[in-house]
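Engineer: Following this line is run-v9.cif, made up of mmCIF, C-alpha atoms and all ligand atoms:
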```
data_structure
#
loop_
_atom_site.label_atom_id
_atom_site.label_comp_id
_atom_site.auth_asym_id
_atom_site.auth_seq_id
_atom_site.Cartn_x
_atom_site.Cartn_y
_atom_site.Cartn_z
CA MET A 1 0.00 0.00 0.00
CA ARG A 2 1.20 3.51 -0.81
CA PHE A 3 0.73 6.59 1.33
CA CYS A 4 0.09 9.90 -0.37
CA ASP A 5 0.66 12.79 2.00
CA VAL A 6 -1.71 15.64 1.19
CA THR A 7 -0.73 18.04 3.98
CA LEU A 8 0.85 20.68 1.75
CA ARG A 9 -2.19 20.99 -0.49
CA GLU A 10 -5.00 20.36 1.99
CA ALA A 11 -3.64 22.63 4.74
CA THR A 12 -3.83 25.64 2.43
CA GLN A 13 -7.56 24.99 2.05
CA ILE A 14 -8.14 25.81 5.73
CA PRO A 15 -9.65 29.31 5.69
CA GLY A 16 -7.07 31.97 6.45
CA ARG A 17 -4.03 29.70 6.14
CA GLU A 18 -1.23 31.06 4.00
CA TYR A 19 2.23 29.60 4.10
CA THR A 20 5.25 31.08 2.41
CA VAL A 21 7.03 29.13 -0.31
CA GLU A 22 9.97 28.57 2.04
CA GLN A 23 7.71 27.26 4.82
CA THR A 24 5.99 24.83 2.46
CA ILE A 25 9.28 23.64 1.03
CA ALA A 26 10.69 23.07 4.52
CA ALA A 27 7.57 21.03 5.36
CA GLY A 28 7.94 19.03 2.14
CA ARG A 29 11.57 18.27 2.93
CA ALA A 30 10.60 17.11 6.42
CA LEU A 31 8.01 14.76 4.87
CA ASP A 32 10.71 13.33 2.61
CA GLU A 33 12.39 11.81 5.69
CA LEU A 34 9.52 9.36 5.96
CA SER A 35 9.94 7.39 2.72
CA LEU A 36 6.35 8.03 1.72
CA SER A 37 5.50 6.95 -1.81
CA LEU A 38 3.83 10.20 -2.82
CA VAL A 39 3.76 13.79 -1.59
CA GLN A 40 1.04 16.04 -2.97
CA THR A 41 2.67 19.43 -3.25
CA GLY A 42 -0.13 21.58 -4.58
CA PHE A 43 -2.52 22.74 -7.25
CA PRO A 44 -0.31 24.68 -9.68
CA ALA A 45 -3.24 26.23 -11.56
CA THR A 46 -3.93 28.29 -8.44
CA GLY A 47 -0.78 30.31 -9.06
CA GLU A 48 2.81 31.11 -8.25
CA HIS A 49 2.99 29.60 -4.76
CA ASP A 50 1.94 26.04 -5.66
CA THR A 51 3.84 26.16 -8.95
CA THR A 52 7.11 27.17 -7.31
CA VAL A 53 6.67 24.75 -4.42
CA THR A 54 5.97 21.88 -6.80
CA GLN A 55 8.90 22.76 -9.07
CA ARG A 56 11.36 23.07 -6.24
CA LEU A 57 10.20 19.97 -4.38
CA ALA A 58 10.15 17.94 -7.60
CA ASP A 59 13.85 18.78 -7.88
CA VAL A 60 14.87 17.67 -4.42
CA LEU A 61 12.45 15.09 -3.02
CA GLU A 62 13.08 11.35 -3.15
CA ASN A 63 9.31 10.82 -2.93
CA ASP A 64 7.25 11.27 -6.07
CA VAL A 65 5.66 14.69 -6.27
CA VAL A 66 1.94 14.88 -7.09
CA ALA A 67 0.18 17.99 -8.38
CA ILE A 68 -3.59 18.16 -8.71
CA ALA A 69 -5.47 19.53 -11.71
CA ARG A 70 -9.07 19.95 -12.78
CA ALA A 71 -9.94 18.12 -16.00
CA ARG A 72 -8.94 21.14 -18.07
CA ASP A 73 -6.03 21.75 -20.42
CA ASP A 74 -4.80 24.84 -18.58
CA ASP A 75 -4.75 23.05 -15.21
CA VAL A 76 -2.94 20.02 -16.64
CA ASP A 77 -0.42 22.28 -18.39
CA ALA A 78 0.22 24.17 -15.15
CA ALA A 79 0.91 20.88 -13.34
CA LEU A 80 3.20 19.69 -16.15
CA GLU A 81 5.09 22.99 -16.20
CA ALA A 82 5.61 22.58 -12.47
CA ASP A 83 7.43 19.28 -13.23
CA ALA A 84 5.16 17.07 -11.14
CA ASP A 85 5.96 13.35 -11.38
CA VAL A 86 2.25 12.55 -11.09
CA VAL A 87 -0.64 14.74 -12.23
CA GLU A 88 -3.78 13.90 -10.32
CA VAL A 89 -6.80 14.86 -12.38
CA PHE A 90 -9.95 15.30 -10.31
CA VAL A 91 -13.55 15.28 -11.50
CA PRO A 92 -16.81 15.07 -9.61
CA VAL A 93 -18.71 11.79 -9.94
CA SER A 94 -21.85 12.19 -7.80
CA ASP A 95 -24.99 13.52 -9.49
CA ARG A 96 -25.10 16.41 -7.02
CA GLN A 97 -21.55 17.57 -7.75
CA LEU A 98 -21.78 16.89 -11.49
CA ASN A 99 -24.82 19.19 -11.66
CA ALA A 100 -23.57 21.94 -9.39
CA ILE A 101 -19.91 22.04 -10.43
CA LEU A 102 -19.73 21.02 -14.06
CA GLY A 103 -23.29 20.93 -15.39
CA LEU A 104 -22.24 17.77 -17.23
CA SER A 105 -23.40 14.16 -17.30
CA ARG A 106 -21.13 11.55 -15.76
CA ASP A 107 -20.22 10.32 -19.22
CA GLU A 108 -19.24 13.83 -20.35
CA ALA A 109 -17.18 14.34 -17.19
CA PHE A 110 -15.42 11.03 -17.83
CA GLU A 111 -14.68 12.18 -21.40
CA SER A 112 -13.01 15.33 -20.15
CA ALA A 113 -11.11 13.26 -17.56
CA GLN A 114 -9.86 10.99 -20.37
CA ASP A 115 -8.68 14.01 -22.38
CA ALA A 116 -6.86 15.33 -19.33
CA ILE A 117 -5.26 11.95 -18.63
CA ASP A 118 -4.07 11.71 -22.24
CA ARG A 119 -2.63 15.21 -21.98
CA VAL A 120 -0.75 14.24 -18.79
CA ARG A 121 0.75 11.19 -20.54
CA ASP A 122 1.65 13.20 -23.63
CA GLY A 123 3.32 15.73 -21.34
CA GLY A 124 5.57 13.03 -19.87
CA ALA A 125 4.05 12.72 -16.39
CA ARG A 126 2.12 9.85 -14.78
CA PRO A 127 -1.64 10.37 -14.62
CA HIS A 128 -3.81 9.59 -11.63
CA LEU A 129 -7.58 10.07 -11.48
CA THR A 130 -9.61 11.20 -8.48
CA LEU A 131 -13.39 10.87 -8.41
CA MET A 132 -14.77 13.51 -6.10
CA ASP A 133 -17.70 12.61 -3.87
CA ALA A 134 -17.43 8.98 -4.96
CA PHE A 135 -18.50 7.68 -1.56
CA ARG A 136 -21.88 9.41 -2.08
CA THR A 137 -22.23 7.81 -5.53
CA ASP A 138 -23.69 4.36 -6.22
CA ALA A 139 -20.99 1.75 -6.62
CA ASP A 140 -22.72 0.76 -9.87
CA ASP A 141 -21.94 4.24 -11.26
CA VAL A 142 -18.34 4.25 -10.05
CA ALA A 143 -17.28 0.71 -11.04
CA PRO A 144 -17.35 1.45 -14.83
CA ALA A 145 -14.60 4.06 -14.33
CA PHE A 146 -12.18 1.25 -13.52
CA GLU A 147 -12.88 -0.36 -16.91
CA ARG A 148 -12.77 2.91 -18.75
CA PHE A 149 -9.54 4.35 -17.33
CA ASN A 150 -6.24 2.59 -17.38
CA VAL A 151 -4.98 4.30 -14.21
CA SER A 152 -5.43 3.82 -10.50
CA ILE A 153 -8.33 5.85 -9.17
CA THR A 154 -8.80 7.62 -5.87
CA LEU A 155 -12.32 7.62 -4.48
CA THR A 156 -13.03 10.53 -2.19
CA ASP A 157 -15.37 11.09 0.70
CA THR A 158 -15.20 14.78 -0.09
CA VAL A 159 -17.64 15.90 2.59
CA GLY A 160 -16.59 13.38 5.23
CA ALA A 161 -20.01 11.75 5.33
CA ARG A 162 -19.06 8.13 5.68
CA THR A 163 -18.22 5.78 8.55
CA PRO A 164 -16.10 2.61 8.63
CA SER A 165 -18.91 0.09 8.17
CA PHE A 166 -20.14 2.00 5.11
CA VAL A 167 -16.63 2.23 3.66
CA ALA A 168 -16.06 -1.50 4.10
CA GLY A 169 -19.42 -2.32 2.49
CA TYR A 170 -18.82 0.11 -0.36
CA LEU A 171 -15.37 -1.27 -1.19
CA ARG A 172 -16.70 -4.83 -1.01
CA SER A 173 -19.52 -3.85 -3.40
CA LEU A 174 -16.95 -2.54 -5.87
CA ALA A 175 -14.97 -5.76 -5.52
CA GLY A 176 -18.21 -7.65 -6.18
CA LEU A 177 -18.58 -5.62 -9.38
CA GLY A 178 -15.18 -6.82 -10.53
CA VAL A 179 -13.03 -3.87 -9.40
CA SER A 180 -9.63 -4.93 -8.12
CA LEU A 181 -9.08 -3.17 -4.78
CA ASP A 182 -5.40 -2.73 -5.58
CA ARG A 183 -6.39 -0.12 -8.17
CA ILE A 184 -8.24 2.00 -5.62
CA GLY A 185 -6.98 5.00 -3.69
CA VAL A 186 -8.99 6.56 -0.86
CA HIS A 187 -9.25 10.14 0.36
CA PHE A 188 -11.33 10.79 3.47
CA HIS A 189 -12.34 13.84 5.46
CA ASP A 190 -12.82 13.92 9.20
CA ASP A 191 -16.16 15.72 9.53
CA LEU A 192 -17.56 12.84 11.59
CA GLY A 193 -14.29 12.18 13.43
CA VAL A 194 -13.74 8.80 11.72
CA ALA A 195 -11.38 9.64 8.85
CA THR A 196 -8.52 7.65 10.37
CA ALA A 197 -10.81 4.68 11.02
CA ASN A 198 -12.07 4.85 7.43
CA ALA A 199 -8.51 4.90 6.13
CA LEU A 200 -7.59 1.90 8.28
CA VAL A 201 -10.57 -0.11 7.05
CA ALA A 202 -9.63 0.63 3.44
CA ALA A 203 -5.97 -0.18 4.06
CA ARG A 204 -6.82 -3.51 5.66
CA LEU A 205 -9.07 -4.38 2.73
CA GLY A 206 -6.08 -3.94 0.41
CA VAL A 207 -6.44 -0.62 -1.40
CA ASP A 208 -3.46 0.71 -3.34
CA ARG A 209 -3.19 4.22 -1.93
CA VAL A 210 -4.30 6.04 1.21
CA ASP A 211 -4.25 9.84 1.46
CA VAL A 212 -3.13 11.18 4.83
CA SER A 213 -2.09 14.50 6.32
CA VAL A 214 0.07 15.41 9.27
CA ALA A 215 -2.01 16.13 12.37
CA SER A 216 -5.09 15.88 10.13
CA LEU A 217 -4.36 19.31 8.63
CA GLY A 218 -6.83 19.84 5.83
CA GLU A 219 -10.10 21.28 4.63
CA ARG A 220 -12.73 21.59 7.42
CA ALA A 221 -12.03 18.84 9.99
CA GLY A 222 -9.10 17.64 7.92
CA ASN A 223 -7.98 14.23 6.66
CA PRO A 224 -6.82 10.95 8.21
CA ALA A 225 -3.79 11.78 10.34
CA LEU A 226 -0.64 10.35 8.79
CA GLU A 227 0.83 9.50 12.17
CA GLU A 228 -2.34 7.80 13.43
CA VAL A 229 -2.85 5.65 10.34
CA ALA A 230 0.82 4.70 10.20
CA VAL A 231 1.16 3.80 13.87
CA ALA A 232 -2.15 1.94 13.98
CA LEU A 233 -1.06 -0.20 11.03
CA GLU A 234 2.46 -0.76 12.35
CA ALA A 235 1.27 -1.56 15.87
CA ASP A 236 -1.02 -4.14 14.29
CA GLY A 237 1.95 -5.84 12.62
CA HIS A 238 1.58 -4.29 9.17
CA ASP A 239 4.82 -3.09 7.57
CA THR A 240 4.00 0.32 6.08
CA GLY A 241 7.46 0.77 4.58
CA LEU A 242 7.73 4.15 6.30
CA ALA A 243 10.87 5.22 8.15
CA ARG A 244 9.32 4.27 11.49
CA ASP A 245 11.86 5.93 13.76
CA GLN A 246 11.45 9.24 11.91
CA LEU A 247 7.67 9.38 12.15
CA ILE A 248 7.16 11.56 15.22
CA PRO A 249 10.15 13.89 14.62
CA ALA A 250 9.22 14.36 10.95
CA CYS A 251 5.56 15.13 11.74
CA ARG A 252 6.64 17.63 14.38
CA ALA A 253 9.11 19.16 11.92
CA VAL A 254 6.34 19.58 9.33
CA LEU A 255 4.15 21.38 11.86
CA ASP A 256 7.07 23.48 13.03
CA ALA A 257 7.86 24.52 9.43
CA LEU A 258 4.24 25.53 8.88
CA ASP A 259 4.11 27.31 12.23
CA GLU A 260 1.24 25.05 13.27
CA PRO A 261 1.01 24.16 16.97
CA VAL A 262 1.34 20.57 18.17
CA ASP A 263 -1.64 19.82 20.38
CA PRO A 264 -0.10 18.13 23.45
CA ARG A 265 -3.02 15.69 23.49
CA ALA A 266 -2.86 14.81 19.78
CA PRO A 267 -2.58 11.04 19.32
CA VAL A 268 0.98 9.84 18.56
CA ILE A 269 2.66 13.25 18.23
CA GLY A 270 1.39 15.06 21.34
CA GLU A 271 3.73 15.08 24.32
CA ALA A 272 0.97 14.30 26.80
CA VAL A 273 0.04 11.01 25.14
CA THR A 274 3.34 9.38 26.07
CA SER A 275 3.60 11.00 29.52
CA HIS A 276 2.39 9.10 32.61
CA GLU A 277 2.00 10.30 36.18
CA SER A 278 -0.79 8.24 37.80
CA GLY A 279 0.68 6.24 40.68
CA LEU A 280 -0.84 2.90 39.68
CA HIS A 281 0.37 3.31 36.10
CA THR A 282 3.93 4.44 36.82
CA ALA A 283 4.36 1.65 39.37
CA ALA A 284 3.47 -0.96 36.75
CA MET A 285 5.37 0.78 33.95
CA LEU A 286 8.60 0.81 35.96
CA GLU A 287 8.28 -2.99 35.82
CA ASP A 288 6.87 -3.31 32.29
CA PRO A 289 6.13 -0.15 30.20
CA ALA A 290 3.68 -2.02 27.97
CA THR A 291 1.23 -2.34 30.87
CA PHE A 292 -0.08 1.14 30.15
CA GLU A 293 0.91 2.01 26.61
CA PRO A 294 -0.28 0.69 23.23
CA TYR A 295 3.18 0.81 21.58
CA ASP A 296 6.70 1.82 22.46
CA PRO A 297 6.93 5.51 21.44
CA GLU A 298 10.66 5.10 20.75
CA THR A 299 9.83 2.82 17.82
CA PHE A 300 8.41 5.90 16.12
CA GLY A 301 11.04 8.37 17.30
CA GLY A 302 9.09 9.53 20.34
CA GLU A 303 9.85 9.39 24.02
CA ARG A 304 8.07 7.84 27.00
CA ARG A 305 8.00 10.10 30.07
CA LEU A 306 7.33 8.63 33.47
CA LEU A 307 6.60 11.45 35.90
CA PHE A 308 6.58 11.46 39.68
CA GLY A 309 4.93 13.80 42.15
CA ALA A 310 1.83 14.06 44.31
CA HIS A 311 0.15 11.17 42.46
CA THR A 312 2.96 8.70 43.05
CA GLY A 313 2.06 5.71 45.24
CA ARG A 314 4.01 3.36 47.52
CA GLU A 315 4.69 0.75 44.84
CA ALA A 316 6.30 3.26 42.48
CA ALA A 317 8.29 4.74 45.39
CA THR A 318 9.53 1.22 46.20
CA ARG A 319 10.74 0.77 42.61
CA LEU A 320 12.41 4.16 42.57
CA LEU A 321 14.31 3.28 45.73
CA GLU A 322 15.35 -0.04 44.22
CA ARG A 323 16.64 1.81 41.15
CA ALA A 324 18.61 4.01 43.54
CA ASP A 325 20.08 0.86 45.16
CA LYS A 326 18.32 1.61 48.43
CA GLU A 327 16.50 -0.91 50.59
CA PRO A 328 12.83 0.21 50.30
CA THR A 329 11.99 0.35 54.00
CA GLU A 330 8.65 1.83 55.07
CA GLU A 331 10.52 4.83 56.44
CA LEU A 332 12.35 5.53 53.16
CA ILE A 333 9.17 5.06 51.14
CA ASP A 334 7.38 7.63 53.34
CA ALA A 335 10.32 10.02 53.05
CA LEU A 336 10.44 9.71 49.27
CA LEU A 337 6.67 10.20 48.93
CA ASP A 338 6.90 13.32 51.11
CA ARG A 339 9.68 14.74 48.91
CA LEU A 340 7.76 13.96 45.70
CA ALA A 341 4.58 15.56 47.06
CA GLU A 342 6.54 18.76 47.68
CA THR A 343 7.61 19.20 44.03
CA GLU A 344 5.75 21.99 42.26
CA GLU A 345 5.49 20.05 39.01
CA PRO A 346 5.76 16.31 38.44
CA ILE A 347 9.42 15.43 37.89
CA GLU A 348 11.18 13.08 35.44
CA LEU A 349 12.31 9.54 36.31
CA ASP A 350 16.01 10.39 36.59
CA GLU A 351 15.26 13.28 38.95
CA ALA A 352 13.05 11.06 41.09
CA VAL A 353 15.80 8.42 41.27
CA ALA A 354 18.30 11.16 42.20
CA ILE A 355 16.07 12.21 45.11
CA ALA A 356 15.80 8.56 46.20
CA GLU A 357 19.60 8.28 46.12
CA GLN A 358 19.92 11.27 48.45
CA LEU A 359 17.64 9.78 51.14
C1 LIG A 401 -12.44 19.04 -3.26
C2 LIG A 401 -11.17 19.82 -3.40
O1 LIG A 401 -10.55 20.00 -2.44
S1 LIG A 401 -10.73 20.38 -4.91
C3 LIG A 401 -9.47 21.58 -4.64
C4 LIG A 401 -10.06 22.86 -4.15
N1 LIG A 401 -9.02 23.86 -4.13
C5 LIG A 401 -9.21 25.11 -4.49
O2 LIG A 401 -10.32 25.53 -4.84
C6 LIG A 401 -7.98 25.98 -4.46
C7 LIG A 401 -8.29 27.46 -4.47
N2 LIG A 401 -9.04 27.82 -5.66
C8 LIG A 401 -8.68 28.81 -6.53
O3 LIG A 401 -7.66 29.45 -6.33
C9 LIG A 401 -9.59 29.07 -7.70
O4 LIG A 401 -10.87 28.56 -7.40
C10 LIG A 401 -9.03 28.42 -8.99
C11 LIG A 401 -7.73 29.14 -9.38
C12 LIG A 401 -8.76 26.92 -8.81
C13 LIG A 401 -10.04 28.53 -10.12
O5 LIG A 401 -10.47 29.86 -10.19
P1 LIG A 401 -11.49 30.32 -11.34
O6 LIG A 401 -10.85 30.12 -12.67
O7 LIG A 401 -11.94 31.70 -10.99
O8 LIG A 401 -12.70 29.29 -11.30
P2 LIG A 401 -13.73 29.00 -10.14
O9 LIG A 401 -13.09 28.99 -8.80
O10 LIG A 401 -14.90 29.91 -10.31
O11 LIG A 401 -14.11 27.53 -10.51
C14 LIG A 401 -15.18 27.20 -11.34
C15 LIG A 401 -14.71 26.65 -12.66
O12 LIG A 401 -13.98 25.43 -12.41
C16 LIG A 401 -14.61 24.37 -13.16
N3 LIG A 401 -14.34 23.15 -12.48
C17 LIG A 401 -14.47 22.88 -11.15
N4 LIG A 401 -14.06 21.64 -10.90
C18 LIG A 401 -13.67 21.12 -12.07
C19 LIG A 401 -13.12 19.87 -12.44
N5 LIG A 401 -12.88 18.94 -11.53
N6 LIG A 401 -12.81 19.66 -13.74
C20 LIG A 401 -13.02 20.63 -14.67
N7 LIG A 401 -13.53 21.84 -14.37
C21 LIG A 401 -13.84 22.08 -13.09
C22 LIG A 401 -16.07 24.79 -13.16
O13 LIG A 401 -16.79 24.12 -14.16
C23 LIG A 401 -15.93 26.28 -13.49
O14 LIG A 401 -15.57 26.41 -14.83
P3 LIG A 401 -15.96 27.77 -15.67
O15 LIG A 401 -15.21 28.87 -15.01
O16 LIG A 401 -15.46 27.46 -17.04
O17 LIG A 401 -17.43 27.92 -15.53
O1 LIG A 402 -7.92 14.74 -3.82
C1 LIG A 402 -8.02 15.48 -4.79
O2 LIG A 402 -7.33 15.36 -5.82
C2 LIG A 402 -8.99 16.60 -4.76
C3 LIG A 402 -10.30 16.20 -4.20
C4 LIG A 402 -10.41 16.34 -2.73
O3 LIG A 402 -9.56 16.84 -2.03
C5 LIG A 402 -11.65 15.83 -2.12
O4 LIG A 402 -12.51 15.35 -2.85
O5 LIG A 402 -11.78 15.93 -0.90
#
```
Since I need it in another form, could you write the structure as structure tokens?
Structural biologist:
Amino acid sequence: MRFCDVTLREATQIPGREYTVEQTIAAGRALDELSLSLVQTGFPATGEHDTTVTQRLADVLENDVVAIARARDDDVDAALEADADVVEVFVPVSDRQLNAILGLSRDEAFESAQDAIDRVRDGGARPHLTLMDAFRTDADDVAPAFERFNVSITLTDTVGARTPSFVAGYLRSLAGLGVSLDRIGVHFHDDLGVATANALVAARLGVDRVDVSVASLGERAGNPALEEVAVALEADGHDTGLARDQLIPACRAVLDALDEPVDPRAPVIGEAVTSHESGLHTAAMLEDPATFEPYDPETFGGERRLLFGAHTGREAATRLLERADKEPTEELIDALLDRLAETEEPIELDEAVAIAEQL
């Protein structure tokens, strides 16, 4: 399965967000550390920013650079001039979007998509097709696209309307109609808070490509979070091919480059999610960290923090004293707990052991 990171393009669709060319390039370079298959760098027809970013990243990234384009000559030409490796042509496929956006029938929209795909090939890039609003379109109306187009096709849940059981049923219906799942890409939005779950369902069913974005940055509620999808798959024994130990640092570097905050409570990348202070938890984790964590954060370049303070209990104090080579007598345990309760903020493991050593 291939990941396509869409952070650079989707994040700019958040109202009010404007990143400089240098910021976006720095974010793209940070993404390159991850060995993703594809990085979507922009929509060159929108102007100078996305064109320059795409051109410059196409020059330096190991990952293939993807530029998006409407099914129009000028958009395709802009993406080709920006030197994209892959030009992703998008057209609406649902009746609602066909009417409101193009005023065309599905067949006419597919014709313009075919023209655009041919133009991409003639221009020396690889074409990819995206069918907007596919998850609100009958599978019977989407399946013929896989016969008609000789490319892999991303199906989008453009408005984030779908949930995992629907996604699984929909993909199985397509398979029942003869579509090979390894030709399908998926692009979800998080309006219902299940984009990551949708992406995981699709990945486990064997799709070819999953679109993700760092920290879910993207239009409205955003997209499946790269770090969540990757860690969920890896922790479940699936080799994503990503540079595992770079995952957390690279995601943080992307956010740093874009001047986007890291929510401390964000799954995988937030500091709070690998920090533990509760007495019962730290006591057990000093013995076996896996008792209260779903994966070892170091595998993904993160750090586990065991913290000690007012919430530390007798068992954890006993283990701290043992680490300090002290006999954990009742008196020493009481003394250590008193000292920990006096700290203004919870303290790190090495500091707590140092206090135990001084007793
Ligand atoms: C679901 C997604 O996320 S798609 C990506 C969305 N991203 C953006 O919109 C990026 C910001 N957008 C922009 O800067 C501008 O809207 C631009 C530069 C893309 C286009 O600007 P304009 O030329 O003024 O067109 P406008 O925004 O009005 O778009 C409507 C035109 O796009 C056409 N269009 C929309 N989608 C498609 C498509 N997939 N294929 C072909 N034509 C399309 C419409 O038919 C209409 O054409 P017309 O002008 O010939 O009637
Ligand atoms: O993924 C694309 O190429 C554009 C379409 C999109 O972002 C969406 O449908 O949500």
Engineer: Could you list, as a PyMOL selection string, all residues that come within 7 Å of ligand LIG 401 (chain A)? Count only C-alpha atoms and all ligand atoms.
Structural biologist: chain A and resi 13+43+45-46+70-72+90-92+101-102+132+158
Engineer: Point out the residue among A:Phe300, A:Tyr170, A:Phe292, A:Phe135 with the least atom-to-atom distance to ligand LIG 402 (chain A), counting all atoms listed in the file.
Structural biologist: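 Smallest distance to ligand LIG 402 (chain A) is found for A:Phe135.
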Engineer: Please give me, as JSON, numbers by chain, the residues lying within 10 Å of ligand LIG 402 (chain A) when counting all atoms listed in the file.
Structural biologist: {"A": [4, 6, 9, 10, 13, 40, 42, 43, 66, 67, 68, 69, 70, 87, 88, 89, 90, 91, 92, 128, 129, 130, 131, 132, 133, 134, 135, 154, 155, 156, 157, 158, 159, 160, 185, 186, 187, 188, 189, 211, 218, 219, 222, 223]}
Engineer: Using all atoms listed in the file, pick whichever of A:Glu303, A:Arg319, A:Ala235, A:His276 has the shortest atom-to-atom distance to Thr291 of chain A.
Structural biologist: A:His276
Engineer: Please identify all polymer residues within 9 Å of Glu271 of chain A, counting all atoms listed in the file, omitting same-chain residues fewer than 5 positions from it, and present them as a PDB file with C-alpha atoms, in the coordinates of the input.
Structural biologist:
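selection_34.pdb, written as the output of this step:
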```pdb
ATOM      1  CA  VAL A 262       1.340  20.570  18.170  1.00  0.00           C
ATOM      2  CA  ASP A 263      -1.640  19.820  20.380  1.00  0.00           C
ATOM      3  CA  PRO A 264      -0.100  18.130  23.450  1.00  0.00           C
ATOM      4  CA  ARG A 265      -3.020  15.690  23.490  1.00  0.00           C
ATOM      5  CA  ALA A 266      -2.860  14.810  19.780  1.00  0.00           C
ATOM      6  CA  GLY A 302       9.090   9.530  20.340  1.00  0.00           C
ATOM      7  CA  GLU A 303       9.850   9.390  24.020  1.00  0.00           C
ATOM      8  CA  ARG A 304       8.070   7.840  27.000  1.00  0.00           C
ATOM      9  CA  ARG A 305       8.000  10.100  30.070  1.00  0.00           C
TER      10      ARG A 305
END
```
Engineer: Select, from A:Gly178, A:Gly279, A:Pro127, A:Gly301, the residue with the minimum atom-to-atom distance to Leu337 of chain A, counting all atoms listed in the file.
Structural biologist: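 Once distances to Leu337 of chain A are computed over all atoms listed in the file, the minimum belongs to A:Gly279.
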Engineer: Ranking A:Ile248, A:Leu171, A:Ala100, A:Ala253 by minimum distance to Thr299 of chain A and counting all atoms listed in the file, which one comes first?
Structural biologist: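 Checking each of A:Ile248, A:Leu171, A:Ala100, A:Ala253 against Thr299 of chain A, counting all atoms listed in the file, the winner is A:Ile248.
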Engineer: Leaving out Ala143 of chain A and any residue of its chain fewer than 4 positions from it, which residues lie within 9 Å of it when counting only C-alpha atoms, given as a ChimeraX atom specification?
Structural biologist: /A:138-139,147,174-175,177-179
Engineer: Output segment 156-168 of chain A with N, CA and C atoms present, as a JSON list (two decimals), in the coordinates of the input.
Structural biologist:
```json
[["chain", "number", "residue", "atom", "x", "y", "z"],
["A", 156, "THR", "N", -13.08, 9.62, -3.33],
["A", 156, "THR", "CA", -13.03, 10.53, -2.19],
["A", 156, "THR", "C", -14.37, 10.60, -1.46],
["A", 157, "ASP", "N", -14.22, 10.77, -0.15],
["A", 157, "ASP", "CA", -15.37, 11.09, 0.70],
["A", 157, "ASP", "C", -15.22, 12.59, 0.96],
["A", 158, "THR", "N", -15.54, 13.35, -0.07],
["A", 158, "THR", "CA", -15.20, 14.78, -0.09],
["A", 158, "THR", "C", -15.80, 15.54, 1.08],
["A", 159, "VAL", "N", -17.00, 15.16, 1.50],
["A", 159, "VAL", "CA", -17.64, 15.90, 2.59],
["A", 159, "VAL", "C", -17.53, 15.17, 3.93],
["A", 160, "GLY", "N", -16.78, 14.09, 3.96],
["A", 160, "GLY", "CA", -16.59, 13.38, 5.23],
["A", 160, "GLY", "C", -17.87, 12.81, 5.79],
["A", 161, "ALA", "N", -18.68, 12.21, 4.91],
["A", 161, "ALA", "CA", -20.01, 11.75, 5.33],
["A", 161, "ALA", "C", -20.04, 10.29, 5.77],
["A", 162, "ARG", "N", -18.96, 9.57, 5.52],
["A", 162, "ARG", "CA", -19.06, 8.13, 5.68],
["A", 162, "ARG", "C", -18.34, 7.59, 6.92],
["A", 163, "THR", "N", -18.78, 6.42, 7.35],
["A", 163, "THR", "CA", -18.22, 5.78, 8.55],
["A", 163, "THR", "C", -17.62, 4.42, 8.15],
["A", 164, "PRO", "N", -16.83, 3.81, 9.04],
["A", 164, "PRO", "CA", -16.10, 2.61, 8.63],
["A", 164, "PRO", "C", -16.96, 1.48, 8.08],
["A", 165, "SER", "N", -18.12, 1.22, 8.67],
["A", 165, "SER", "CA", -18.91, 0.09, 8.17],
["A", 165, "SER", "C", -19.39, 0.38, 6.75],
["A", 166, "PHE", "N", -19.72, 1.65, 6.48],
["A", 166, "PHE", "CA", -20.14, 2.00, 5.11],
["A", 166, "PHE", "C", -18.98, 1.80, 4.14],
["A", 167, "VAL", "N", -17.82, 2.31, 4.54],
["A", 167, "VAL", "CA", -16.63, 2.23, 3.66],
["A", 167, "VAL", "C", -16.32, 0.78, 3.32],
["A", 168, "ALA", "N", -16.35, -0.08, 4.35],
["A", 168, "ALA", "CA", -16.06, -1.50, 4.10],
["A", 168, "ALA", "C", -17.09, -2.08, 3.13]]
```
